file input_24.txt (compact mmCIF, C-alpha atoms and all ligand atoms)
# COMPACT_ATOMS: atom_id res chain seq x y z
CA MET A 1 -26.96 20.31 2.71
CA HIS A 2 -27.67 23.27 4.99
CA VAL A 3 -30.96 22.80 6.83
CA SER A 4 -32.17 25.96 8.56
CA LYS A 5 -34.22 25.93 11.76
CA ARG A 6 -37.21 27.00 9.64
CA LEU A 7 -36.89 24.12 7.16
CA GLU A 8 -36.25 21.68 10.01
CA ALA A 9 -39.47 22.88 11.69
CA ILE A 10 -41.48 22.41 8.47
CA ALA A 11 -40.19 18.84 8.09
CA SER A 12 -40.92 18.08 11.76
CA LEU A 13 -44.64 18.81 11.22
CA VAL A 14 -44.97 16.16 8.50
CA SER A 15 -46.39 12.90 9.89
CA GLN A 16 -44.51 9.62 9.56
CA GLY A 17 -45.65 7.68 6.48
CA SER A 18 -47.03 10.73 4.64
CA ARG A 19 -47.15 11.13 0.87
CA ILE A 20 -46.04 14.67 0.20
CA ALA A 21 -45.96 17.38 -2.44
CA ASP A 22 -43.73 20.38 -1.76
CA ILE A 23 -45.12 23.25 -3.81
CA GLY A 24 -42.57 25.95 -4.64
CA SER A 25 -39.75 23.60 -3.76
CA ASP A 26 -36.78 25.51 -5.26
CA HIS A 27 -33.73 24.10 -3.37
CA CYS A 28 -35.79 20.96 -2.54
CA VAL A 29 -34.37 20.77 1.01
CA VAL A 30 -37.62 19.66 2.69
CA PRO A 31 -38.42 16.71 0.36
CA ILE A 32 -34.76 15.59 0.44
CA LEU A 33 -34.69 15.76 4.24
CA LEU A 34 -37.99 13.87 4.58
CA VAL A 35 -36.87 11.13 2.17
CA GLU A 36 -33.49 10.81 3.90
CA GLN A 37 -35.27 10.60 7.28
CA LYS A 38 -37.48 7.83 5.77
CA LYS A 39 -40.47 9.82 6.94
CA VAL A 40 -42.39 9.82 3.64
CA THR A 41 -43.41 7.04 1.27
CA TYR A 42 -43.98 9.30 -1.75
CA ALA A 43 -42.57 12.73 -2.62
CA GLU A 44 -43.06 15.20 -5.41
CA ALA A 45 -41.44 18.61 -5.71
CA VAL A 46 -43.27 21.25 -7.72
CA GLU A 47 -42.00 24.44 -9.35
CA ASN A 48 -43.59 26.80 -11.85
CA LYS A 49 -40.44 28.68 -12.91
CA LYS A 50 -37.63 27.39 -15.12
CA GLY A 51 -34.67 28.50 -12.94
CA PRO A 52 -35.93 27.07 -9.62
CA TYR A 53 -37.19 23.95 -11.44
CA MET A 54 -33.72 23.29 -12.89
CA LYS A 55 -32.15 23.89 -9.46
CA MET A 56 -34.62 21.45 -7.89
CA CYS A 57 -33.81 18.74 -10.49
CA HIS A 58 -30.10 19.34 -9.92
CA GLU A 59 -30.49 18.91 -6.12
CA ILE A 60 -32.52 15.71 -6.57
CA ALA A 61 -29.79 14.26 -8.81
CA ALA A 62 -26.97 15.46 -6.53
CA HIS A 63 -28.56 13.52 -3.65
CA GLY A 64 -29.03 10.39 -5.79
CA LEU A 65 -32.80 10.65 -5.45
CA GLU A 66 -33.89 10.54 -9.11
CA GLY A 67 -36.95 8.31 -9.35
CA VAL A 68 -37.58 8.82 -5.62
CA ILE A 69 -38.49 12.51 -5.55
CA HIS A 70 -40.65 13.29 -8.58
CA PRO A 71 -39.96 16.75 -10.07
CA VAL A 72 -43.05 18.45 -11.49
CA PHE A 73 -43.14 21.62 -13.59
CA ALA A 74 -46.59 23.02 -12.85
CA ASP A 75 -48.54 25.89 -11.36
CA GLY A 76 -49.28 25.13 -7.70
CA ILE A 77 -51.48 22.07 -7.20
CA GLU A 78 -52.87 22.00 -10.78
CA SER A 79 -51.40 18.56 -11.51
CA LEU A 80 -51.07 17.20 -7.99
CA SER A 81 -50.81 13.40 -8.02
CA LYS A 82 -53.64 11.39 -6.42
CA GLU A 83 -50.89 9.77 -4.31
CA VAL A 84 -50.45 12.95 -2.27
CA ASP A 85 -52.07 13.28 1.16
CA THR A 86 -49.89 16.13 2.52
CA VAL A 87 -49.19 19.43 0.78
CA ILE A 88 -46.32 21.66 1.91
CA LEU A 89 -46.32 25.36 0.98
CA ALA A 90 -43.43 27.25 2.53
CA GLY A 91 -41.56 30.50 2.18
CA MET A 92 -44.33 32.33 0.34
CA GLY A 93 -46.71 35.14 1.12
CA GLY A 94 -49.95 34.10 2.80
CA ARG A 95 -52.06 35.44 -0.05
CA LEU A 96 -50.08 33.44 -2.62
CA ILE A 97 -50.55 30.27 -0.52
CA VAL A 98 -54.32 30.83 -0.41
CA SER A 99 -54.49 31.60 -4.14
CA ILE A 100 -52.65 28.33 -4.90
CA LEU A 101 -54.97 26.32 -2.63
CA GLU A 102 -58.22 27.84 -3.86
CA LYS A 103 -57.36 27.62 -7.56
CA HIS A 104 -57.92 23.85 -7.78
CA PRO A 105 -60.36 22.72 -5.08
CA GLU A 106 -60.85 19.37 -6.88
CA ARG A 107 -57.13 18.57 -6.40
CA LEU A 108 -57.34 19.37 -2.70
CA ARG A 109 -60.08 16.81 -2.03
CA GLY A 110 -57.67 13.92 -1.45
CA VAL A 111 -55.38 16.01 0.75
CA SER A 112 -55.79 15.50 4.48
CA SER A 113 -52.92 17.60 5.79
CA LEU A 114 -51.34 20.98 4.98
CA VAL A 115 -47.97 22.11 6.34
CA LEU A 116 -47.66 25.84 5.79
CA ASP A 117 -45.06 28.51 6.36
CA PRO A 118 -46.78 31.72 5.28
CA HIS A 119 -44.71 34.88 5.30
CA GLY A 120 -47.32 37.52 6.11
CA ASP A 121 -51.14 37.68 6.15
CA LEU A 122 -51.44 34.81 8.62
CA PRO A 123 -55.00 35.72 9.74
CA TYR A 124 -56.08 35.62 6.08
CA VAL A 125 -54.59 32.13 5.72
CA ARG A 126 -56.20 30.86 8.95
CA SER A 127 -59.65 32.23 7.94
CA PHE A 128 -59.42 30.56 4.54
CA LEU A 129 -58.43 27.20 6.07
CA ALA A 130 -61.13 27.29 8.76
CA GLU A 131 -63.78 28.16 6.14
CA ASN A 132 -62.60 25.36 3.87
CA GLY A 133 -62.83 22.42 6.22
CA PHE A 134 -59.48 22.42 8.02
CA PHE A 135 -58.49 22.85 11.69
CA GLU A 136 -55.12 23.65 13.18
CA ARG A 137 -53.45 20.49 14.48
CA ALA A 138 -50.17 22.11 15.54
CA SER A 139 -47.98 25.16 15.09
CA LEU A 140 -44.39 26.12 15.85
CA PHE A 141 -43.54 29.76 16.55
CA PHE A 142 -39.84 30.62 16.71
CA TYR A 143 -37.13 33.05 15.69
CA ASP A 144 -34.60 31.93 13.09
CA GLU A 145 -31.76 34.39 12.42
CA GLY A 146 -33.81 37.20 13.94
CA ILE A 147 -36.94 36.56 11.88
CA ALA A 148 -40.16 35.30 13.48
CA TYR A 149 -41.89 32.31 11.85
CA ASP A 150 -45.20 30.63 12.59
CA VAL A 151 -45.13 27.25 10.86
CA MET A 152 -48.47 25.48 11.00
CA LYS A 153 -50.09 22.14 10.31
CA TRP A 154 -53.79 22.04 9.38
CA GLU A 155 -55.83 18.89 8.94
CA ARG A 156 -59.15 18.11 7.35
CA ASN A 157 -62.07 18.45 9.69
CA ASP A 158 -65.34 16.50 9.79
CA ASP A 159 -67.21 19.41 11.39
CA LYS A 160 -66.50 23.00 10.45
CA ALA A 161 -63.91 24.46 12.84
CA VAL A 162 -65.15 27.63 14.52
CA TYR A 163 -62.45 30.03 15.66
CA SER A 164 -62.73 33.32 17.51
CA GLU A 165 -61.31 36.55 16.08
CA LEU A 166 -58.36 36.23 18.48
CA GLU A 167 -57.65 32.65 17.39
CA ILE A 168 -57.71 33.73 13.73
CA ASN A 169 -55.42 36.69 14.41
CA PHE A 170 -52.93 35.04 16.78
CA GLY A 171 -53.24 31.30 16.06
CA PRO A 172 -55.33 28.79 18.04
CA THR A 173 -52.33 26.71 19.13
CA ASN A 174 -50.30 29.78 20.13
CA LEU A 175 -53.10 30.94 22.42
CA LYS A 176 -53.44 27.50 24.00
CA HIS A 177 -49.73 26.71 24.36
CA PRO A 178 -47.88 30.02 23.96
CA PRO A 179 -44.22 29.55 22.96
CA LYS A 180 -41.69 31.91 24.59
CA ASP A 181 -40.81 33.44 21.21
CA TRP A 182 -44.49 34.11 20.51
CA LEU A 183 -44.82 36.05 23.80
CA LEU A 184 -41.62 37.93 22.97
CA TYR A 185 -42.81 38.77 19.45
CA TRP A 186 -46.19 40.12 20.54
CA GLU A 187 -44.68 42.07 23.43
CA LYS A 188 -42.40 43.75 20.85
CA GLN A 189 -45.41 44.45 18.60
CA ARG A 190 -47.27 45.94 21.56
CA GLN A 191 -44.31 48.21 22.30
CA TYR A 192 -44.20 49.28 18.64
CA HIS A 193 -47.86 50.36 18.74
CA GLU A 194 -47.24 52.17 22.08
CA THR A 195 -44.38 54.10 20.42
CA MET A 196 -46.66 55.05 17.54
CA MET A 197 -49.33 56.23 20.00
CA ALA A 198 -46.80 58.62 21.53
CA LYS A 199 -46.44 60.37 18.15
CA ASN A 200 -48.61 63.16 16.89
CA LEU A 201 -50.77 61.06 14.56
CA PRO A 202 -54.21 61.70 13.05
CA GLU A 203 -57.08 60.42 15.23
CA GLU A 204 -57.91 57.64 12.76
CA LYS A 205 -54.35 56.23 12.97
CA ARG A 206 -54.30 56.51 16.78
CA LYS A 207 -57.50 54.46 16.91
CA GLU A 208 -55.92 51.73 14.77
CA HIS A 209 -52.85 51.52 17.04
CA GLN A 210 -55.02 51.50 20.17
CA LYS A 211 -57.16 48.69 18.71
CA ALA A 212 -54.01 46.69 17.96
CA ILE A 213 -52.73 47.23 21.53
CA ASP A 214 -56.08 46.12 23.00
CA GLN A 215 -56.09 42.95 20.89
CA ILE A 216 -52.48 42.08 21.68
CA GLU A 217 -53.02 42.62 25.42
CA LYS A 218 -56.11 40.41 25.32
CA ALA A 219 -54.24 37.67 23.43
CA ILE A 220 -51.23 37.81 25.78
CA ALA A 221 -53.50 37.69 28.86
CA ILE A 222 -55.38 34.62 27.53
CA ALA A 223 -52.16 32.90 26.52
CA LYS A 224 -50.48 33.61 29.87
CA ALA A 225 -53.53 32.26 31.73
CA ASN A 226 -53.30 29.08 29.65
CA TYR A 227 -49.51 28.97 30.12
CA SER A 228 -49.87 28.81 33.89
CA LEU A 229 -52.55 26.07 33.82
N1 LIG A 301 -40.26 26.39 -0.27
C1 LIG A 301 -38.90 26.86 -0.22
C2 LIG A 301 -38.59 27.44 1.15
O1 LIG A 301 -39.50 27.52 1.98
O2 LIG A 301 -37.42 27.78 1.40
C3 LIG A 301 -38.63 27.89 -1.31
C4 LIG A 301 -39.35 29.18 -1.13
S1 LIG A 301 -39.09 30.29 -2.49
C5 LIG A 301 -39.00 31.82 -1.69
C6 LIG A 301 -40.69 30.31 -3.24
C7 LIG A 301 -40.75 29.38 -4.45
O3 LIG A 301 -42.12 29.18 -4.81
C8 LIG A 301 -40.04 29.96 -5.67
O4 LIG A 301 -39.06 29.08 -6.09
C9 LIG A 301 -41.17 30.11 -6.70
O5 LIG A 301 -40.75 29.84 -8.01
C10 LIG A 301 -42.19 29.09 -6.22
N2 LIG A 301 -43.57 29.36 -6.61
C11 LIG A 301 -44.26 30.53 -6.51
N3 LIG A 301 -45.51 30.39 -6.97
C12 LIG A 301 -45.62 29.10 -7.38
C13 LIG A 301 -46.67 28.34 -7.97
N4 LIG A 301 -47.85 28.90 -8.26
N5 LIG A 301 -46.44 27.06 -8.27
C14 LIG A 301 -45.25 26.47 -8.01
N6 LIG A 301 -44.21 27.14 -7.46
C15 LIG A 301 -44.40 28.43 -7.15
call {"tool": "encode", "arguments": {"input": "input_24.txt", "output": "structure tokens"}}
result
Amino acid sequence: MHVSKRLEAIASLVSQGSRIADIGSDHCVVPILLVEQKKVTYAEAVENKKGPYMKMCHEIAAHGLEGVIHPVFADGIESLSKEVDTVILAGMGGRLIVSILEKHPERLRGVSSLVLDPHGDLPYVRSFLAENGFFERASLFFYDEGIAYDVMKWERNDDKAVYSELEINFGPTNLKHPPKDWLLYWEKQRQYHETMMAKNLPEEKRKEHQKAIDQIEKAIAIAKANYSL
């Protein structure tokens, strides 16, 4: 079984002894890896489309894990088992992840940990989580085959987590402990906005790029100050 750096990172954020559900499991690599690593005591893999569901069942059988990983044909967390304390949502757009989480708040009540790999709209995901009683426990920012990923783990909070605009936009953990790839990524983004500023753009657009540059510079300065502590 090929395990990419991204899937390895997702599995690494799951705590020992967790009871997981991998929503949108498709190839089922993460549940299989976690069961083989003896890291989880319960696992279900959820799909809402026939093709990926069949593939998932095939992978479970091919690894001799029938009866160990429970395949579920359902929409998101609609029929999440009460056994589950950790939900994994990976390889999906940020807005889809939020729509899955907010659709069944009653199912989320027993869940203490979320391991997420949103592809896009990360500030939207972070705002939703902070407003719904979660705080960021950890995140891993890295390049895998030239693509940047920010894999994050959020846990239930007793008090409401309050994050600044910069923390929502760039990630609280990234600002506190900036990974090299994160600095590289945002430096590239800054350069992109600088390039756009050099073009003959309408004033409105120029303002947007300048605002982005200001925010990125602020975030990099804070992160670098923390880096050298
Ligand atoms: N999680 C794997 C990964 O990170 O490599 C597979 C990601 S794949 C791009 C996204 C999967 O999510 C697809 O197989 C799709 O069918 C599934 N999916 C999308 N919306 C879903 C939903 N509401 N409920 C369950 N599965 C869903």
call {"tool": "residues_near_ligand", "arguments": {"input": "input_24.txt", "ligand": "ligand LIG 301 (chain A)", "cutoff": "10 Å", "atoms": "only C-alpha atoms and all ligand atoms", "output": "NGL selection string"}}
result
:A and (3-4 or 6-7 or 10 or 22-31 or 45-53 or 55-56 or 72-78 or 88-93 or 96-97 or 99-101 or 103 or 116-119)
call {"tool": "closest_residue", "arguments": {"input": "input_24.txt", "among": "A:Arg95, A:Ala21, A:Lys82, A:Arg109", "to": "A:His70", "atoms": "all atoms listed in the file"}}
result
A:Ala21
call {"tool": "closest_residue", "arguments": {"input": "input_24.txt", "among": "A:Arg156, A:His209, A:Lys188, A:Arg137", "to": "A:Gly110", "atoms": "all atoms listed in the file"}}
result
A:Arg156
call {"tool": "closest_residue", "arguments": {"input": "input_24.txt", "among": "A:Gly94, A:Tyr185, A:Ser113, A:Asp159", "to": "A:Phe128", "atoms": "all atoms listed in the file"}}
result
A:Gly94
call {"tool": "residues_around", "arguments": {"input": "input_24.txt", "residues": "stretch 214-216 of chain A", "least_positions_apart": "5", "cutoff": "12 Å", "atoms": "all atoms listed in the file", "output": "list in words"}}
result
Glu165, Leu166, Glu167, Ile168, Asn169, Phe170, Leu175, Trp182, Leu183, Leu184, Tyr185, Trp186, Glu187, Lys188, Gln189, Arg190, Gln191, Tyr192, His193, Glu194, Lys207, Glu208, His209, Ala221, Ile222, Ala223 and Lys224 of chain A
call {"tool": "closest_residue", "arguments": {"input": "input_24.txt", "among": "A:Val98, A:His104, A:Pro178, A:Leu140", "to": "A:Val125", "atoms": "only C-alpha atoms"}}
result
A:Val98
call {"tool": "closest_residue", "arguments": {"input": "input_24.txt", "among": "A:Gly120, A:Thr86, A:Met1, A:Glu145", "to": "A:His63", "atoms": "all atoms listed in the file"}}
result
A:Met1
call {"tool": "atom_distance", "arguments": {"input": "input_24.txt", "atom1": "atom CA of A:Val35", "atom2": "atom CA of A:Leu114"}}
result
17.7 Å
call {"tool": "atom_distance", "arguments": {"input": "input_24.txt", "atom1": "atom CA of A:Lys176", "atom2": "atom CA of A:Tyr227"}}
result
7.4 Å
call {"tool": "closest_residue", "arguments": {"input": "input_24.txt", "among": "A:Asp85, A:Asp158, A:Asp150, A:Glu59", "to": "A:Ala9", "atoms": "all atoms listed in the file"}}
result
A:Asp150
call {"tool": "atom_distance", "arguments": {"input": "input_24.txt", "atom1": "atom CA of A:Ser81", "atom2": "atom CA of A:Arg107"}}
result
8.3 Å
